[in-house]
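S.K.: Sharing data.cif below, mmCIF, C-alpha atoms:
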```
data_start
#
loop_
_atom_site.label_atom_id
_atom_site.label_comp_id
_atom_site.auth_asym_id
_atom_site.auth_seq_id
_atom_site.Cartn_x
_atom_site.Cartn_y
_atom_site.Cartn_z
CA MET J 180 152.18 118.74 158.54
CA ALA J 181 150.64 120.76 161.34
CA ASP J 182 153.55 119.81 163.59
CA CYS J 183 156.35 120.72 161.19
CA LEU J 184 156.76 124.14 162.81
CA LYS J 185 155.99 123.08 166.38
CA ASP J 186 159.60 123.64 167.45
CA THR J 187 159.35 127.30 166.41
CA ARG J 188 157.13 130.23 167.32
CA LEU J 189 156.02 130.31 163.67
CA SER J 190 153.45 127.61 164.41
CA GLU J 191 151.37 130.44 165.88
CA LEU J 192 150.82 131.74 162.35
CA LEU J 193 149.23 128.61 160.88
CA PRO J 194 145.77 128.68 162.50
CA SER J 195 145.06 132.17 161.16
CA ASN J 196 146.57 131.36 157.74
CA ASN J 197 144.96 128.03 157.01
CA ASN J 198 145.47 128.43 153.27
CA VAL J 199 149.23 127.85 153.64
CA MET J 200 149.14 124.06 154.14
CA ALA J 201 146.70 121.16 154.30
CA HIS J 202 143.65 123.05 153.10
CA GLY J 203 143.92 122.58 149.34
CA LYS J 204 143.02 119.57 147.24
CA MET J 205 146.10 117.69 148.53
CA LEU J 206 146.17 115.53 145.41
CA ARG J 207 149.88 114.79 145.76
CA ALA J 208 149.51 113.58 149.34
CA ARG J 209 146.42 111.54 148.50
CA LEU J 210 148.32 109.94 145.62
CA ALA J 211 151.19 108.90 147.90
CA VAL J 212 148.77 107.43 150.45
CA SER J 213 146.59 105.63 147.89
CA MET J 214 149.49 104.02 146.07
CA GLY J 215 151.43 103.32 149.26
CA LYS J 216 148.49 101.39 150.70
CA ALA J 217 147.98 99.52 147.43
CA ASN J 218 151.64 98.50 147.39
CA LYS J 219 151.65 97.61 151.12
CA VAL J 220 154.41 100.11 151.86
CA GLU J 221 155.05 100.85 155.53
CA PRO J 222 152.62 103.58 156.61
CA ASP J 223 155.38 105.76 158.08
CA ILE J 224 156.99 105.95 154.65
CA TYR J 225 154.00 107.00 152.62
CA GLN J 226 152.64 109.24 155.38
CA ARG J 227 155.91 111.14 155.66
CA ALA J 228 156.22 111.33 151.87
CA ALA J 229 152.66 112.66 151.64
CA ALA J 230 153.33 115.31 154.28
CA ALA J 231 156.69 116.31 152.79
CA VAL J 232 155.40 116.73 149.26
CA GLU J 233 152.50 118.90 150.41
CA ILE J 234 154.78 121.02 152.61
CA ILE J 235 157.09 121.69 149.65
CA HIS J 236 154.07 122.42 147.46
CA GLY J 237 152.86 124.88 150.09
CA ALA J 238 156.28 126.52 150.14
CA SER J 239 156.21 126.90 146.35
CA LEU J 240 152.81 128.60 146.54
CA LEU J 241 154.13 131.09 149.11
CA HIS J 242 156.88 132.02 146.66
CA ASP J 243 154.62 131.96 143.60
CA ASP J 244 152.15 134.38 145.14
CA VAL J 245 154.93 136.87 145.86
CA ILE J 246 156.34 136.55 142.34
CA ASP J 247 152.95 136.77 140.63
CA GLY J 248 151.45 139.36 142.94
CA GLY J 249 148.56 137.03 143.76
CA ILE J 250 146.20 138.32 146.43
CA LEU J 251 143.90 135.29 146.77
CA ARG J 252 144.86 131.70 147.56
CA ARG J 253 142.41 128.94 148.47
CA GLY J 254 139.72 131.53 148.91
CA ALA J 255 141.64 133.63 151.44
CA PRO J 256 144.16 136.50 151.32
CA THR J 257 147.63 135.26 150.38
CA PHE J 258 150.24 135.01 153.10
CA TRP J 259 152.37 137.81 151.72
CA LYS J 260 149.41 140.21 151.72
CA GLU J 261 148.96 139.48 155.43
CA HIS J 262 152.59 139.30 156.51
CA GLY J 263 154.67 140.89 153.76
CA ALA J 264 156.74 139.50 150.89
CA ASN J 265 159.82 139.02 153.06
CA GLY J 266 157.91 136.87 155.53
CA ALA J 267 156.38 134.73 152.78
CA ILE J 268 159.76 134.09 151.15
CA LEU J 269 161.44 133.23 154.44
CA LEU J 270 158.62 130.92 155.56
CA GLY J 271 158.67 129.18 152.19
CA ASP J 272 162.42 128.58 152.51
CA LEU J 273 161.96 127.18 156.02
CA LEU J 274 159.18 124.82 154.94
CA VAL J 275 161.40 123.25 152.27
CA PHE J 276 163.95 122.25 154.88
CA LYS J 277 161.25 121.01 157.25
CA ALA J 278 160.01 118.73 154.47
CA LEU J 279 163.50 117.36 153.86
CA SER J 280 163.87 116.72 157.57
CA LEU J 281 160.67 114.66 157.57
CA ILE J 282 162.10 112.35 154.91
CA SER J 283 165.62 112.20 156.34
CA ALA J 284 164.15 110.68 159.52
CA LEU J 285 163.11 107.63 157.49
CA GLU J 286 166.71 106.59 156.84
CA GLN J 287 165.70 105.69 153.28
CA PRO J 288 168.41 107.52 151.29
CA TYR J 289 166.84 106.84 147.90
CA ILE J 290 163.59 108.60 148.92
CA LEU J 291 165.43 111.63 150.29
CA LYS J 292 167.60 111.78 147.16
CA GLU J 293 164.49 111.68 144.97
CA LEU J 294 162.77 114.48 146.90
CA ILE J 295 165.85 116.70 146.65
CA GLU J 296 166.14 115.99 142.93
CA MET J 297 162.46 116.57 142.16
CA ALA J 298 162.32 119.78 144.23
CA GLY J 299 165.35 120.98 142.29
CA VAL J 300 163.64 120.18 138.98
CA VAL J 301 160.64 122.29 140.07
CA CYS J 302 162.94 125.23 140.80
CA THR J 303 164.78 124.80 137.50
CA ALA J 304 161.54 124.82 135.50
CA GLU J 305 160.18 127.85 137.36
CA THR J 306 163.44 129.72 136.79
CA GLU J 307 163.58 128.86 133.09
CA GLN J 308 159.97 129.97 132.66
CA GLU J 309 160.79 133.27 134.34
CA LEU J 310 164.24 134.05 132.91
CA ILE J 311 164.32 132.30 129.54
CA LEU J 312 160.76 132.02 128.23
CA ARG J 313 158.95 134.98 129.77
CA GLY J 314 157.68 137.35 127.10
CA SER J 315 157.59 134.59 124.48
CA PRO J 316 154.48 132.60 123.54
CA GLY J 317 156.69 129.53 123.24
CA THR J 318 155.97 126.31 121.40
CA TRP J 319 153.67 123.60 122.69
CA GLU J 320 156.72 121.40 123.30
CA GLU J 321 158.25 124.09 125.53
CA CYS J 322 154.98 124.60 127.35
CA GLU J 323 154.52 120.88 127.97
CA GLN J 324 158.09 120.48 129.22
CA ILE J 325 157.60 123.35 131.68
CA ALA J 326 154.35 121.74 132.86
CA ARG J 327 156.00 118.33 133.24
CA PHE J 328 158.88 119.63 135.32
CA LYS J 329 157.21 122.51 137.20
CA THR J 330 154.18 120.56 138.40
CA GLY J 331 154.75 116.98 137.34
CA SER J 332 157.86 116.61 139.48
CA LEU J 333 156.07 116.61 142.84
CA PHE J 334 153.40 114.23 141.56
CA ALA J 335 156.27 112.05 140.34
CA PHE J 336 157.88 112.08 143.78
CA ALA J 337 154.60 111.26 145.52
CA ALA J 338 154.14 108.23 143.28
CA PHE J 339 157.81 107.17 143.45
CA ALA J 340 157.76 107.11 147.26
CA ALA J 341 154.96 104.51 147.12
CA GLY J 342 157.05 102.10 145.06
CA GLY J 343 158.67 100.32 147.98
CA GLU J 344 161.80 98.24 147.32
CA ASP J 345 160.92 97.51 143.68
CA ALA J 346 163.09 99.85 141.60
CA GLY J 347 161.18 99.03 138.44
CA LEU J 348 157.85 99.89 140.04
CA ARG J 349 159.29 103.10 141.49
CA ALA J 350 160.40 104.19 138.00
CA ALA J 351 157.02 103.31 136.48
CA LEU J 352 155.12 105.17 139.20
CA LYS J 353 157.40 108.16 138.77
CA GLU J 354 156.65 108.38 135.03
CA ALA J 355 152.93 107.95 135.67
CA GLY J 356 153.15 110.80 138.19
CA PHE J 357 154.87 113.03 135.69
CA ARG J 358 152.03 112.45 133.25
CA ILE J 359 149.18 113.40 135.57
CA GLY J 360 151.17 116.35 136.91
CA THR J 361 151.64 117.61 133.37
CA ALA J 362 147.92 117.28 132.73
CA TYR J 363 147.16 119.15 135.94
CA GLN J 364 149.41 122.08 135.01
CA LEU J 365 148.02 122.34 131.48
CA ALA J 366 144.50 122.47 132.91
CA ASP J 367 145.65 125.10 135.40
CA ASP J 368 147.09 127.18 132.54
CA ILE J 369 143.70 127.06 130.85
CA LEU J 370 141.89 127.98 134.06
CA ASP J 371 144.19 130.96 134.64
CA ALA J 372 142.99 132.48 131.37
CA SER J 373 139.40 132.46 132.61
CA ASP J 374 137.92 134.97 135.04
CA ASN J 375 136.31 132.39 137.31
CA GLU J 376 138.13 133.09 140.58
CA GLU J 377 135.21 131.65 142.52
CA VAL J 378 135.99 128.20 141.16
CA ALA J 379 139.76 128.68 141.21
CA GLY J 380 139.92 130.10 144.74
CA LYS J 381 142.98 132.10 143.72
CA THR J 382 144.00 135.18 141.74
CA LEU J 383 143.72 134.53 138.00
CA GLY J 384 145.09 136.25 134.92
CA GLN J 385 148.62 136.52 136.26
CA ASP J 386 150.13 134.30 133.56
CA ASP J 387 149.06 136.68 130.81
CA ALA J 388 149.94 139.77 132.84
CA ARG J 389 153.47 138.49 133.39
CA GLY J 390 154.01 137.17 129.86
CA LYS J 391 154.38 133.52 130.80
CA THR J 392 154.58 130.70 128.29
CA THR J 393 151.50 128.57 128.94
CA ALA J 394 149.00 126.25 127.27
CA ILE J 395 147.14 129.39 126.18
CA THR J 396 150.04 131.23 124.54
CA ALA J 397 151.83 128.23 123.03
CA ILE J 398 149.80 127.83 119.87
CA CYS J 399 152.74 126.62 117.75
CA ASN J 400 152.31 122.83 117.34
CA ALA J 401 149.49 122.87 119.90
CA PRO J 402 146.85 120.13 119.77
CA ALA J 403 143.58 121.07 118.12
CA ASP J 404 141.68 120.43 121.34
CA SER J 405 143.68 121.09 124.49
CA THR J 406 140.92 119.75 126.74
CA ALA J 407 140.95 116.42 124.91
CA TYR J 408 144.73 116.40 125.15
CA VAL J 409 144.60 116.81 128.93
CA HIS J 410 142.16 113.90 129.11
CA SER J 411 144.41 111.78 126.92
CA LEU J 412 147.39 112.38 129.19
CA CYS J 413 145.40 111.21 132.17
CA GLY J 414 144.07 108.20 130.30
CA ALA J 415 147.58 107.18 129.25
CA SER J 416 149.14 107.87 132.63
CA SER J 417 148.92 104.28 133.86
CA GLU J 418 150.57 102.72 130.79
CA PRO J 419 153.99 102.48 132.51
CA LEU J 420 152.32 100.28 135.15
CA HIS J 421 151.31 97.49 132.74
CA ASP J 422 153.55 94.95 134.53
CA TRP J 423 151.79 95.61 137.83
CA PRO J 424 148.07 95.15 137.04
CA HIS J 425 146.86 95.53 140.62
CA ILE J 426 148.76 98.79 141.07
CA ARG J 427 147.57 99.98 137.66
CA ALA J 428 143.95 99.37 138.61
CA VAL J 429 144.34 101.40 141.81
CA TRP J 430 146.06 104.15 139.83
CA ASP J 431 143.27 104.31 137.25
CA ASP J 432 140.74 104.49 140.06
CA PHE J 433 142.64 107.36 141.69
CA VAL J 434 142.73 109.28 138.41
CA GLU J 435 139.04 108.74 137.75
CA MET J 436 137.78 109.44 141.28
CA ASN J 437 140.22 112.07 142.54
CA LEU J 438 142.05 113.79 139.70
CA MET J 439 139.58 114.02 136.83
CA PRO J 440 136.80 115.76 138.79
CA VAL J 441 139.27 118.53 139.66
CA LEU J 442 140.57 118.88 136.12
CA ASP J 443 137.10 118.80 134.60
CA LYS J 444 135.99 121.49 137.04
CA HIS J 445 138.91 123.67 135.96
CA LEU J 446 138.35 123.07 132.27
CA CYS J 447 134.60 123.62 132.56
CA ALA J 448 135.16 126.90 134.43
CA ALA J 449 137.43 128.00 131.61
CA GLY J 450 134.86 127.12 128.98
CA GLY J 451 136.69 124.02 127.78
CA LYS J 452 139.21 126.04 125.79
#
```
Represent the structure from my file as structure tokens, please.
M.R.:
Amino acid sequence: MADCLKDTRLSELLPSNNNVMAHGKMLRARLAVSMGKANKVEPDIYQRAAAAVEIIHGASLLHDDVIDGGILRRGAPTFWKEHGANGAILLGDLLVFKALSLISALEQPYILKELIEMAGVVCTAETEQELILRGSPGTWEECEQIARFKTGSLFAFAAFAAGGEDAGLRAALKEAGFRIGTAYQLADDILDASDNEEVAGKTLGQDDARGKTTAITAICNAPADSTAYVHSLCGASSEPLHDWPHIRAVWDDFVEMNLMPVLDKHLCAAGGK
């Protein structure tokens, strides 16, 4: 990840802006590595997939902070506040193509195709949330679909890339990834409605300020307890992996040891709404 800009002068910007890449929770990358090791996938495959998915995630945050007017990211000033909105947008665009280049070097067309498709789904969901749903509280079904596609897609790719040559396992991992990504976004929606920026490490309250459809606004058909619902999504995330018990056990361990502490921290900071 650190080397993705080494062929440009832009690499000079990364040391002084260490909140751009590789300094967050890196759950997507850790998922790719954990499942890739469990499935005995070649290290170059899961390492490149892990790097690529985090680079694209970093690019999306550069764009999100410009759109939302966020001034804090990972406990530091956002890139656009330091270098301007134009610079943040252009760097985000460049990072997307650097990530694709990382995967294209593998000569595994199905992995590259999946990354392109999932990155496109993220953009579609973000655009629909902005242009179609903004200003509407939305239904819970709409909120959950946005969460699944906006955030779940990169978790889905990270898991898919660890599936090796088994198409059935790749599909099962992909669905499991969608489920934990959906849970993560719903918890993030809830956190954004709190004022606990110390825990979040980023600017909060932007969803409400910009009229976004989220787990807070979408009260129509919403579960009685959204925190319990997030937990249920995580608990059910490994169900698609029932035919691969060893992989399922590693998945459940990842969720318990890596994902749930983050989600519980977010939900606790928000008062368990």
S.K.: One decimal, in Å: what's the spacing between atom CA of J:Ile282 and atom CA of J:Asp243?
M.R.: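 Those two atoms sit 23.8 Å apart.
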S.K.: Residue by residue, what does the PyMOL selection byres ((chain J and resi 349) around 12) grab here? Present the result as a short mmCIF file (atom, residue, chain, number, x, y, z; two decimals) with C-alpha atoms, in the coordinates of the input.
M.R.:
```
data_model
loop_
_atom_site.label_atom_id
_atom_site.label_comp_id
_atom_site.auth_asym_id
_atom_site.auth_seq_id
_atom_site.Cartn_x
_atom_site.Cartn_y
_atom_site.Cartn_z
CA ALA J 211 151.19 108.90 147.90
CA MET J 214 149.49 104.02 146.07
CA GLY J 215 151.43 103.32 149.26
CA ASN J 218 151.64 98.50 147.39
CA VAL J 220 154.41 100.11 151.86
CA TYR J 289 166.84 106.84 147.90
CA ILE J 290 163.59 108.60 148.92
CA GLU J 293 164.49 111.68 144.97
CA ALA J 335 156.27 112.05 140.34
CA PHE J 336 157.88 112.08 143.78
CA ALA J 337 154.60 111.26 145.52
CA ALA J 338 154.14 108.23 143.28
CA PHE J 339 157.81 107.17 143.45
CA ALA J 340 157.76 107.11 147.26
CA ALA J 341 154.96 104.51 147.12
CA GLY J 342 157.05 102.10 145.06
CA GLY J 343 158.67 100.32 147.98
CA GLU J 344 161.80 98.24 147.32
CA ASP J 345 160.92 97.51 143.68
CA ALA J 346 163.09 99.85 141.60
CA GLY J 347 161.18 99.03 138.44
CA LEU J 348 157.85 99.89 140.04
CA ALA J 350 160.40 104.19 138.00
CA ALA J 351 157.02 103.31 136.48
CA LEU J 352 155.12 105.17 139.20
CA LYS J 353 157.40 108.16 138.77
CA GLU J 354 156.65 108.38 135.03
CA ALA J 355 152.93 107.95 135.67
CA GLY J 356 153.15 110.80 138.19
CA PRO J 419 153.99 102.48 132.51
CA LEU J 420 152.32 100.28 135.15
CA TRP J 423 151.79 95.61 137.83
CA ILE J 426 148.76 98.79 141.07
#
```
S.K.: Can you list, as a ChimeraX atom specification, every protein, DNA or RNA residue that comes within 10 Å of J:Leu285 when you count only C-alpha atoms, leaving out same-chain residues fewer than 5 positions away?
M.R.: /J:223-224,227-228,280,290-291
S.K.: Take the selection from the previous step and output its residues with C-alpha atoms, as a CSV table (one decimal), in the frame of the given file.
M.R.:
```csv
chain,number,residue,atom,x,y,z
J,223,ASP,CA,155.4,105.8,158.1
J,224,ILE,CA,157.0,106.0,154.6
J,227,ARG,CA,155.9,111.1,155.7
J,228,ALA,CA,156.2,111.3,151.9
J,280,SER,CA,163.9,116.7,157.6
J,290,ILE,CA,163.6,108.6,148.9
J,291,LEU,CA,165.4,111.6,150.3
```
S.K.: For atom CA of J:Lys185 and atom CA of J:Ala284, quote the distance in Å rounded to one decimal.
M.R.: 16.4 Å
S.K.: Measuring between all atoms listed in the file, which one of J:Thr406, J:Ser411, J:Thr392, J:Ser332 shows the shortest distance to J:Cys447?
M.R.: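 Counting all atoms listed in the file, the residue closest to J:Cys447 is J:Thr406.
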S.K.: For the provided coordinates, the residues matched by the PyMOL selection byres ((chain J and resi 368) around 10) should be stated as a PyMOL selection string.
M.R.: chain J and resi 322+326+362-367+369-373+383-384+386-387+391-396+445-446+449
S.K.: When the PyMOL selection byres ((chain J and resi 431) around 12) is applied to the structure above, which residues does it catch, written out as a ChimeraX atom specification?
M.R.: /J:210,213-214,355-356,359,413-421,424-430,432-439
S.K.: Once you have the residues from the selection above, write them out as a compact mmCIF listing (two decimals), in the frame of the given file, restricted to C-alpha atoms.
M.R.:
```txt
# COMPACT_ATOMS: atom_id res chain seq x y z
CA LEU J 210 148.32 109.94 145.62
CA SER J 213 146.59 105.63 147.89
CA MET J 214 149.49 104.02 146.07
CA ALA J 355 152.93 107.95 135.67
CA GLY J 356 153.15 110.80 138.19
CA ILE J 359 149.18 113.40 135.57
CA CYS J 413 145.40 111.21 132.17
CA GLY J 414 144.07 108.20 130.30
CA ALA J 415 147.58 107.18 129.25
CA SER J 416 149.14 107.87 132.63
CA SER J 417 148.92 104.28 133.86
CA GLU J 418 150.57 102.72 130.79
CA PRO J 419 153.99 102.48 132.51
CA LEU J 420 152.32 100.28 135.15
CA HIS J 421 151.31 97.49 132.74
CA PRO J 424 148.07 95.15 137.04
CA HIS J 425 146.86 95.53 140.62
CA ILE J 426 148.76 98.79 141.07
CA ARG J 427 147.57 99.98 137.66
CA ALA J 428 143.95 99.37 138.61
CA VAL J 429 144.34 101.40 141.81
CA TRP J 430 146.06 104.15 139.83
CA ASP J 432 140.74 104.49 140.06
CA PHE J 433 142.64 107.36 141.69
CA VAL J 434 142.73 109.28 138.41
CA GLU J 435 139.04 108.74 137.75
CA MET J 436 137.78 109.44 141.28
CA ASN J 437 140.22 112.07 142.54
CA LEU J 438 142.05 113.79 139.70
CA MET J 439 139.58 114.02 136.83
```
S.K.: If you measure from atom CA of J:Gly331 to atom CA of J:Ser239, what distance in Å do you get, rounded to one decimal?
M.R.: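 It comes out at 13.5 Å.
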